[in-house]
>>> print(open('run34.tsv').read())   # TSV, C-alpha atoms (C1' of nucleotides)
chain	number	residue	atom	x	y	z
A	1	MET	CA	121.18	102.27	111.14
A	2	ALA	CA	123.46	101.78	108.17
A	3	THR	CA	122.80	98.05	108.22
A	4	PRO	CA	119.66	97.09	106.34
A	5	GLU	CA	116.79	95.57	108.27
A	6	PRO	CA	116.88	91.79	108.33
A	7	ALA	CA	114.38	90.13	106.03
A	8	ARG	CA	111.11	89.55	107.86
A	9	PRO	CA	109.45	86.29	106.86
A	10	GLY	CA	105.93	87.60	107.35
A	11	PHE	CA	106.32	90.22	104.66
A	12	GLN	CA	106.70	87.69	101.89
A	13	LEU	CA	103.41	85.85	102.32
A	14	PRO	CA	101.09	88.75	101.40
A	15	LEU	CA	103.37	89.81	98.57
A	16	LEU	CA	103.42	86.32	97.13
A	17	LEU	CA	99.65	85.99	97.36
A	18	LEU	CA	99.25	89.33	95.63
A	19	ALA	CA	101.84	88.44	93.02
A	20	GLY	CA	100.08	85.15	92.32
A	21	PHE	CA	96.75	86.89	91.96
A	22	ARG	CA	98.16	89.63	89.76
A	23	THR	CA	99.95	87.14	87.57
A	24	LEU	CA	96.73	85.22	86.93
A	25	ILE	CA	94.71	88.38	86.32
A	26	ASP	CA	97.32	89.92	84.04
A	27	ASP	CA	97.59	86.73	82.01
A	28	LEU	CA	93.82	86.48	81.82
A	29	HIS	CA	93.37	89.97	80.45
A	30	ALA	CA	96.25	89.70	78.03
A	31	GLU	CA	94.54	86.63	76.58
A	32	LEU	CA	91.08	88.21	76.73
A	33	ALA	CA	92.38	91.19	74.77
A	34	ARG	CA	93.76	88.79	72.17
A	35	GLU	CA	90.36	87.09	71.92
A	36	GLY	CA	88.45	90.29	71.25
A	37	HIS	CA	87.72	91.68	74.70
A	38	PRO	CA	90.31	94.41	75.26
A	39	GLU	CA	87.85	96.61	77.18
A	40	LEU	CA	87.29	94.05	79.92
A	41	ARG	CA	89.00	95.30	83.09
A	42	PRO	CA	90.03	93.12	86.03
A	43	LEU	CA	86.99	93.95	88.10
A	44	HIS	CA	84.51	93.41	85.28
A	45	GLY	CA	84.77	89.65	85.31
A	46	PHE	CA	83.80	89.54	88.96
A	47	VAL	CA	80.88	91.83	88.30
A	48	LEU	CA	79.62	89.83	85.32
A	49	GLN	CA	79.93	86.68	87.39
A	50	ALA	CA	77.99	88.28	90.22
A	51	VAL	CA	75.20	89.39	87.90
A	52	GLY	CA	74.64	85.81	86.83
A	53	ALA	CA	72.50	84.29	84.13
A	54	ASP	CA	69.21	85.35	85.69
A	55	GLY	CA	70.06	89.01	86.05
A	56	THR	CA	69.85	91.04	89.19
A	57	THR	CA	69.46	94.61	90.44
A	58	ALA	CA	72.11	97.17	91.31
A	59	THR	CA	71.22	96.98	94.99
A	60	GLU	CA	71.48	93.20	95.14
A	61	LEU	CA	74.67	93.33	93.10
A	62	GLY	CA	76.15	95.69	95.66
A	63	GLN	CA	75.25	93.27	98.43
A	64	ARG	CA	76.82	90.37	96.55
A	65	LEU	CA	80.04	92.28	95.95
A	66	GLY	CA	80.15	93.86	99.38
A	67	ILE	CA	80.01	97.42	98.04
A	68	SER	CA	77.39	100.16	98.20
A	69	LYS	CA	74.48	100.16	95.79
A	70	GLN	CA	75.76	103.44	94.36
A	71	ALA	CA	79.14	101.96	93.57
A	72	ALA	CA	77.47	98.93	92.04
A	73	GLY	CA	75.28	101.20	89.95
A	74	LYS	CA	78.23	103.13	88.60
A	75	THR	CA	80.08	99.95	87.73
A	76	VAL	CA	76.99	98.73	85.90
A	77	ASP	CA	76.91	102.03	84.01
A	78	ARG	CA	80.44	101.44	82.74
A	79	LEU	CA	79.71	97.86	81.71
A	80	VAL	CA	76.55	99.00	79.94
A	81	ALA	CA	78.60	101.61	78.10
A	82	VAL	CA	80.97	98.95	76.72
A	83	GLY	CA	78.16	96.54	75.89
A	84	TYR	CA	78.58	93.80	78.47
A	85	LEU	CA	75.46	94.52	80.52
A	86	GLU	CA	72.05	95.94	79.79
A	87	ARG	CA	69.32	97.45	81.94
A	88	VAL	CA	65.67	96.60	81.47
A	89	ASP	CA	62.63	97.75	83.40
A	90	ASP	CA	61.08	95.25	85.77
A	91	PRO	CA	57.41	94.96	84.73
A	92	SER	CA	56.46	93.76	88.19
A	93	ASP	CA	58.09	96.62	90.11
A	94	ALA	CA	58.55	100.05	88.58
A	95	ARG	CA	61.26	100.94	91.07
A	96	ARG	CA	63.55	98.18	89.94
A	97	ARG	CA	65.77	98.10	86.87
A	98	LEU	CA	66.98	94.62	86.08
A	99	VAL	CA	70.61	94.26	85.10
A	100	ARG	CA	71.29	91.49	82.59
A	101	VAL	CA	74.34	90.11	80.86
A	102	THR	CA	74.32	90.75	77.13
A	103	PRO	CA	75.44	88.10	74.61
A	104	ARG	CA	78.77	89.90	74.39
A	105	GLY	CA	79.03	89.80	78.17
A	106	ALA	CA	78.25	86.09	78.18
A	107	ASP	CA	80.97	85.54	75.60
A	108	GLY	CA	83.50	87.36	77.73
A	109	LEU	CA	82.44	85.39	80.77
A	110	ARG	CA	82.71	82.07	78.96
A	111	ARG	CA	86.15	82.95	77.62
A	112	SER	CA	87.28	84.08	81.06
A	113	ALA	CA	86.29	80.73	82.53
A	114	GLU	CA	88.10	78.84	79.78
A	115	ILE	CA	91.24	80.95	80.16
A	116	PHE	CA	91.24	80.53	83.92
A	117	ASP	CA	90.94	76.78	83.43
A	118	ARG	CA	93.92	76.82	81.11
A	119	LEU	CA	95.94	78.96	83.53
A	120	ARG	CA	95.16	76.59	86.37
A	121	ALA	CA	96.26	73.73	84.12
A	122	GLN	CA	99.60	75.51	83.72
A	123	TRP	CA	99.92	75.56	87.50
A	124	THR	CA	99.16	71.85	87.79
A	125	ASP	CA	101.62	71.12	84.96
A	126	THR	CA	104.38	72.95	86.82
A	127	LEU	CA	103.59	72.09	90.43
A	128	GLY	CA	101.61	68.91	90.12
A	129	PRO	CA	97.88	68.58	90.74
A	130	GLU	CA	98.27	67.74	94.43
A	131	ARG	CA	100.26	70.85	95.17
A	132	VAL	CA	97.66	73.07	93.53
A	133	THR	CA	94.73	71.48	95.32
A	134	ALA	CA	96.69	71.64	98.58
A	135	LEU	CA	97.33	75.32	97.94
A	136	GLU	CA	93.64	75.90	97.31
A	137	ASP	CA	92.62	73.92	100.38
A	138	ASP	CA	95.04	75.82	102.58
A	139	LEU	CA	93.80	79.15	101.27
A	140	ARG	CA	90.21	78.07	101.83
A	141	THR	CA	91.18	77.33	105.42
A	142	MET	CA	92.96	80.61	106.07
A	143	ALA	CA	91.01	83.10	103.96
A	144	SER	CA	88.09	84.05	106.12
A	145	ALA	CA	86.37	85.44	103.03
A	146	ASN	CA	84.18	87.64	105.16
A	147	TRP	CA	84.72	90.51	102.77
A	148	PHE	CA	82.51	89.08	100.09
A	149	ARG	CA	80.16	86.15	99.79
A	150	LEU	CA	81.83	83.27	98.00
A	151	ASP	CA	78.69	81.19	98.31
A	152	VAL	CA	76.36	83.71	96.73
A	153	PRO	CA	74.24	82.30	93.90
A	154	GLY	CA	75.91	83.33	90.69
A	155	TRP	CA	79.44	82.94	91.96
A	156	PHE	CA	81.26	80.11	90.25
A	157	GLY	CA	78.09	79.18	88.45
A	158	GLY	CA	76.55	77.77	91.65
B	159	MET	CA	70.16	77.92	79.46
B	160	ALA	CA	68.01	77.48	82.52
B	161	THR	CA	70.59	75.15	84.03
B	162	PRO	CA	73.36	76.98	85.82
B	163	GLU	CA	76.85	76.78	84.41
B	164	PRO	CA	78.91	74.01	85.93
B	165	ALA	CA	81.50	75.20	88.46
B	166	ARG	CA	84.73	76.04	86.66
B	167	PRO	CA	87.77	75.04	88.69
B	168	GLY	CA	89.95	77.81	87.31
B	169	PHE	CA	87.79	80.53	88.79
B	170	GLN	CA	88.55	79.57	92.35
B	171	LEU	CA	92.32	79.95	92.29
B	172	PRO	CA	92.44	83.72	91.70
B	173	LEU	CA	89.62	84.30	94.17
B	174	LEU	CA	91.38	82.30	96.86
B	175	LEU	CA	94.66	84.12	96.29
B	176	LEU	CA	92.88	87.45	96.52
B	177	ALA	CA	90.94	86.35	99.59
B	178	GLY	CA	94.14	85.24	101.29
B	179	PHE	CA	95.82	88.52	100.51
B	180	ARG	CA	92.85	90.57	101.64
B	181	THR	CA	92.54	88.59	104.85
B	182	LEU	CA	96.16	89.28	105.74
B	183	ILE	CA	95.94	92.95	104.82
B	184	ASP	CA	92.67	93.48	106.65
B	185	ASP	CA	94.03	91.80	109.78
B	186	LEU	CA	97.22	93.83	109.54
B	187	HIS	CA	95.42	97.15	109.40
B	188	ALA	CA	92.97	96.28	112.11
B	189	GLU	CA	95.94	95.56	114.37
B	190	LEU	CA	97.88	98.63	113.16
B	191	ALA	CA	94.91	100.82	113.99
B	192	ARG	CA	94.84	99.29	117.48
B	193	GLU	CA	98.55	100.07	117.89
B	194	GLY	CA	98.23	103.73	117.04
B	195	HIS	CA	98.40	103.82	113.25
B	196	PRO	CA	94.81	104.14	112.05
B	197	GLU	CA	95.79	106.39	109.12
B	198	LEU	CA	98.01	103.77	107.53
B	199	ARG	CA	96.26	102.48	104.41
B	200	PRO	CA	96.98	99.16	102.69
B	201	LEU	CA	99.23	100.69	100.06
B	202	HIS	CA	101.24	102.78	102.47
B	203	GLY	CA	103.19	99.89	103.92
B	204	PHE	CA	104.43	98.94	100.45
B	205	VAL	CA	105.42	102.53	99.78
B	206	LEU	CA	107.26	102.93	103.08
B	207	GLN	CA	109.03	99.67	102.41
B	208	ALA	CA	110.01	100.85	98.95
B	209	VAL	CA	111.39	104.14	100.25
B	210	GLY	CA	113.77	102.24	102.48
B	211	ALA	CA	116.10	103.41	105.21
B	212	ASP	CA	118.33	105.44	102.90
B	213	GLY	CA	115.57	107.48	101.33
B	214	THR	CA	114.90	107.88	97.63
B	215	THR	CA	113.29	110.22	95.13
B	216	ALA	CA	109.77	110.25	93.77
B	217	THR	CA	110.95	109.22	90.34
B	218	GLU	CA	112.95	106.27	91.62
B	219	LEU	CA	110.08	105.31	93.93
B	220	GLY	CA	107.79	105.18	90.93
B	221	GLN	CA	110.22	102.89	89.14
B	222	ARG	CA	110.43	100.60	92.17
B	223	LEU	CA	106.67	100.39	92.47
B	224	GLY	CA	106.02	100.18	88.74
B	225	ILE	CA	103.93	103.36	88.66
B	226	SER	CA	104.48	106.78	87.11
B	227	LYS	CA	106.57	109.37	88.90
B	228	GLN	CA	103.48	111.57	89.17
B	229	ALA	CA	101.52	108.85	90.95
B	230	ALA	CA	104.46	108.19	93.24
B	231	GLY	CA	104.69	111.91	93.99
B	232	LYS	CA	101.03	112.13	94.93
B	233	THR	CA	101.29	109.12	97.19
B	234	VAL	CA	104.33	110.67	98.86
B	235	ASP	CA	102.28	113.85	99.36
B	236	ARG	CA	99.63	111.91	101.24
B	237	LEU	CA	102.18	110.12	103.40
B	238	VAL	CA	103.91	113.42	104.15
B	239	ALA	CA	100.55	114.86	105.16
B	240	VAL	CA	100.00	112.12	107.75
B	241	GLY	CA	103.57	112.29	109.02
B	242	TYR	CA	105.08	109.05	107.72
B	243	LEU	CA	107.43	110.55	105.14
B	244	GLU	CA	109.32	113.81	104.79
B	245	ARG	CA	110.91	115.60	101.87
B	246	VAL	CA	114.31	117.24	102.09
B	247	ASP	CA	116.34	119.04	99.46
B	248	ASP	CA	119.27	117.19	97.99
B	249	PRO	CA	122.29	119.46	98.49
B	250	SER	CA	124.12	117.79	95.61
B	251	ASP	CA	121.33	118.23	93.05
B	252	ALA	CA	118.84	121.06	93.27
B	253	ARG	CA	116.37	119.26	91.04
B	254	ARG	CA	115.95	116.34	93.41
B	255	ARG	CA	113.90	116.21	96.59
B	256	LEU	CA	114.85	113.28	98.77
B	257	VAL	CA	112.00	111.34	100.33
B	258	ARG	CA	112.77	109.89	103.75
B	259	VAL	CA	110.89	107.82	106.30
B	260	THR	CA	110.14	109.76	109.49
B	261	PRO	CA	110.46	108.17	112.95
B	262	ARG	CA	106.69	107.69	112.92
B	263	GLY	CA	106.96	105.99	109.54
B	264	ALA	CA	109.72	103.74	110.83
B	265	ASP	CA	107.53	102.82	113.78
B	266	GLY	CA	104.65	101.89	111.50
B	267	LEU	CA	106.98	99.86	109.33
B	268	ARG	CA	108.45	98.01	112.28
B	269	ARG	CA	105.00	97.23	113.68
B	270	SER	CA	103.82	96.06	110.25
B	271	ALA	CA	106.70	93.62	110.07
B	272	GLU	CA	105.97	92.31	113.55
B	273	ILE	CA	102.27	91.92	112.84
B	274	PHE	CA	102.95	90.14	109.55
B	275	ASP	CA	105.26	87.78	111.40
B	276	ARG	CA	102.51	87.04	113.92
B	277	LEU	CA	99.96	86.50	111.15
B	278	ARG	CA	102.28	84.11	109.38
B	279	ALA	CA	102.71	82.29	112.68
B	280	GLN	CA	98.94	81.87	112.79
B	281	TRP	CA	99.11	80.23	109.37
B	282	THR	CA	101.86	77.85	110.46
B	283	ASP	CA	99.91	77.04	113.64
B	284	THR	CA	96.86	76.09	111.58
B	285	LEU	CA	98.42	74.49	108.52
B	286	GLY	CA	101.81	73.42	109.78
B	287	PRO	CA	105.12	75.04	108.87
B	288	GLU	CA	105.74	72.76	105.88
B	289	ARG	CA	102.44	73.64	104.25
B	290	VAL	CA	103.11	77.35	104.55
B	291	THR	CA	106.62	77.13	103.16
B	292	ALA	CA	105.34	74.87	100.39
B	293	LEU	CA	102.66	77.45	99.61
B	294	GLU	CA	105.25	80.21	99.48
B	295	ASP	CA	107.59	78.15	97.33
B	296	ASP	CA	104.82	77.30	94.89
B	297	LEU	CA	103.80	80.93	94.62
B	298	ARG	CA	107.39	81.96	94.07
B	299	THR	CA	107.50	79.47	91.24
B	300	MET	CA	104.27	80.60	89.58
B	301	ALA	CA	104.18	84.33	90.30
B	302	SER	CA	106.27	85.82	87.60
B	303	ALA	CA	106.49	89.04	89.60
B	304	ASN	CA	107.19	91.04	86.48
B	305	TRP	CA	104.76	93.69	87.61
B	306	PHE	CA	107.10	94.99	90.25
B	307	ARG	CA	110.69	94.37	91.24
B	308	LEU	CA	110.79	92.06	94.25
B	309	ASP	CA	114.58	92.23	94.25
B	310	VAL	CA	114.79	95.99	94.38
B	311	PRO	CA	116.96	97.32	97.21
B	312	GLY	CA	114.60	98.31	99.98
B	313	TRP	CA	112.12	95.54	99.46
B	314	PHE	CA	112.10	93.14	102.38
B	315	GLY	CA	115.00	95.00	103.90
B	316	GLY	CA	117.48	93.53	101.45
C	317	DC	C1'	44.75	105.77	102.78
C	318	DG	C1'	48.92	107.13	104.79
C	319	DG	C1'	53.35	106.09	106.63
C	320	DA	C1'	57.45	102.97	106.39
C	321	DA	C1'	60.53	100.54	103.66
C	322	DT	C1'	62.90	99.85	99.28
C	323	DA	C1'	65.12	100.88	94.41
C	324	DG	C1'	67.51	104.00	92.04
C	325	DT	C1'	69.90	108.30	91.23
C	326	DA	C1'	72.59	112.55	92.11
C	327	DA	C1'	76.25	115.24	94.14
C	328	DA	C1'	80.40	115.85	96.53
C	329	DC	C1'	84.36	113.82	97.88
C	330	DG	C1'	88.71	110.61	98.65
C	331	DT	C1'	92.24	107.55	96.82
C	332	DG	C1'	95.13	105.70	93.43
C	333	DG	C1'	96.23	105.69	88.95
C	334	DT	C1'	97.14	107.77	83.88
C	335	DT	C1'	99.05	111.12	80.09
C	336	DG	C1'	100.75	115.55	78.48
C	337	DA	C1'	103.10	119.73	79.27
C	338	DC	C1'	106.40	122.58	81.35
C	339	DG	C1'	110.18	125.04	84.13
C	340	DA	C1'	114.34	124.53	86.55
C	341	DA	C1'	118.66	122.33	87.09
C	342	DC	C1'	122.21	119.32	85.47
C	343	DG	C1'	125.89	117.64	82.30
C	344	DT	C1'	128.24	117.27	78.24
C	345	DG	C1'	130.11	118.32	73.36
C	346	DG	C1'	131.44	121.66	70.21
D	347	DC	C1'	131.72	128.55	78.11
D	348	DC	C1'	127.67	127.94	76.57
D	349	DA	C1'	123.94	125.84	74.16
D	350	DC	C1'	121.47	121.70	73.79
D	351	DG	C1'	119.54	117.46	75.52
D	352	DT	C1'	118.26	114.93	79.56
D	353	DT	C1'	116.36	114.46	84.09
D	354	DC	C1'	113.45	115.83	88.32
D	355	DG	C1'	109.58	117.58	90.05
D	356	DT	C1'	105.14	119.51	89.54
D	357	DC	C1'	100.63	121.04	87.49
D	358	DA	C1'	96.42	120.08	85.16
D	359	DA	C1'	93.07	117.22	83.29
D	360	DC	C1'	91.20	113.00	83.28
D	361	DC	C1'	89.60	108.02	84.56
D	362	DA	C1'	88.26	104.00	87.68
D	363	DC	C1'	86.41	102.74	91.85
D	364	DG	C1'	84.83	103.53	96.17
D	365	DT	C1'	82.40	106.32	100.02
D	366	DT	C1'	78.46	109.17	102.50
D	367	DT	C1'	74.53	112.09	102.35
D	368	DA	C1'	70.36	113.34	100.35
D	369	DC	C1'	66.58	112.94	97.46
D	370	DT	C1'	62.52	110.99	94.41
D	371	DA	C1'	59.60	107.38	93.03
D	372	DT	C1'	57.35	103.29	94.06
D	373	DT	C1'	55.61	99.55	96.71
D	374	DC	C1'	54.04	97.34	100.86
D	375	DC	C1'	51.27	97.06	104.77
D	376	DG	C1'	48.58	98.22	109.08
>>> encode(input="run34.tsv", output="structure tokens")
Amino acid sequence: MATPEPARPGFQLPLLLLAGFRTLIDDLHAELAREGHPELRPLHGFVLQAVGADGTTATELGQRLGISKQAAGKTVDRLVAVGYLERVDDPSDARRRLVRVTPRGADGLRRSAEIFDRLRAQWTDTLGPERVTALEDDLRTMASANWFRLDVPGWFGG
Amino acid sequence: MATPEPARPGFQLPLLLLAGFRTLIDDLHAELAREGHPELRPLHGFVLQAVGADGTTATELGQRLGISKQAAGKTVDRLVAVGYLERVDDPSDARRRLVRVTPRGADGLRRSAEIFDRLRAQWTDTLGPERVTALEDDLRTMASANWFRLDVPGWFGG
DNA sequence: CGGAATAGTAAACGTGGTTGACGAACGTGG
DNA sequence: CCACGTTCGTCAACCACGTTTACTATTCCG
């Protein structure tokens, strides 16, 4: 047992996927902080994206993100506190409280999209466009994506 | 503003990387639970891997994982509670408490490696071996991996 | 109109992190 | 040889993000 375990090939794939994701997210938020959005946390971009331009409710947001309505509500609370979301009463249903993106939230969302585009351009500059699209195609094939709805209205701007 | 935003290409890359990672991790833990390790949580495999065969201390574990020694200590507590790690006194330094993988922990680690190998084989069956190695190579190129030390002794069994 | 379904909130809890403080043990220089 | 500085572990308080259970208020519908 003094000899180290041999390297297992399967271990590297998840680590590399995670490292790639973390690299993109870390770069994104470093740049977002530089552009005036230091409070934006990694999850917030997904949430803002899931709220969408038309607004939504906490319950529907939870369904879109694959989390409970309570968790969605608490996340909305935090984003309201930092000024990226707002809650308004729904005049047509007194039970509902519409969640909407504020102008500041829309600015953060727009900048996030631009930064992600630039980061992807860095990947295509280094690897070549074909390699990046091949990588995306392969991940689309293998990632069952049953843990959240990629095709939900609001994701990727529809 | 009634028209939806056009789809931004940069948004998809991080989502796909995350989806790929989550798919692997979810499949791993579903299989681990089937094989007698339902308590093993996604992070635990990384921690067991980082402890390594020779054991380590909470402080060094924190450095390997890029987290504080307090966080590493609490994670070790949880893994001790479920029987995957043990703490023993260091006879050569009364301040230190060595953290070691128990036989049960070693079993979970071995099964994780085998399951990851099988999952990677599924990827090569679907995409072809060249595509998977190309994907890994490209991620190695782009993932700066400055958020944790991939080359630390203990990671990937050396 | 009354019961079922739905939206939101509240409370308690678990997990995984942080920072600050502190005692005990180590090691080294005067 | 001993006092001081460093290191290891832990405690406490806190935050982010998620869960389940329980509850109220409102709306929908037979």
>>> interface_residues(input="run34.tsv", of="chain A", to="chain C", cutoff="8 Å", atoms="all atoms listed in the file", output="PyMOL selection string")
chain A and resi 59+95-96
>>> write_last_selection(input="run34.tsv", atoms="C-alpha atoms", output="PDB file, in the coordinates of the input")
ATOM      1  CA  THR A  59      71.220  96.980  94.990  1.00  0.00           C
ATOM      2  CA  ARG A  95      61.260 100.940  91.070  1.00  0.00           C
ATOM      3  CA  ARG A  96      63.550  98.180  89.940  1.00  0.00           C
TER       4      ARG A  96
END
>>> closest_residue(input="run34.tsv", among="A:Ala134, A:Ala121, A:Met142, A:Leu98", to="Phe169 of chain B", atoms="only C-alpha atoms")
A:Ala121
>>> atom_distance(input="run34.tsv", atom1="atom CA of Pro91 of chain A", atom2="atom C1' of DA371 of chain D")
15.1 Å
>>> atom_distance(input="run34.tsv", atom1="atom CA of Arg78 of chain A", atom2="atom CA of Leu17 of chain A")
28.7 Å
>>> residues_around(input="run34.tsv", residues="Val51 of chain A", least_positions_apart="5", cutoff="10 Å", atoms="only C-alpha atoms (C1' of nucleotides)", output="list in words")
Gly45, Phe46, Thr56, Thr57, Ala58, Glu60, Leu61, Arg64, Leu65, Val76, Leu85, Leu98, Val99, Arg100, Val101, Pro153, Gly154 and Trp155 of chain A
>>> interface_residues(input="run34.tsv", of="chain D", to="chain B", cutoff="9 Å", atoms="all atoms listed in the file", output="CSV table (one decimal) with C-alpha atoms (C1' of nucleotides), in the coordinates of the input")
chain,number,residue,atom,x,y,z
D,353,DT,C1',116.4,114.5,84.1
D,354,DC,C1',113.4,115.8,88.3
D,355,DG,C1',109.6,117.6,90.0
D,356,DT,C1',105.1,119.5,89.5
>>> atom_distance(input="run34.tsv", atom1="atom CA of Val132 of chain A", atom2="atom CA of Arg120 of chain A")
8.4 Å
>>> closest_residue(input="run34.tsv", among="A:Leu79, A:Ile67, A:Val47, A:Ala53", to="chain B", atoms="all atoms listed in the file")
A:Ala53
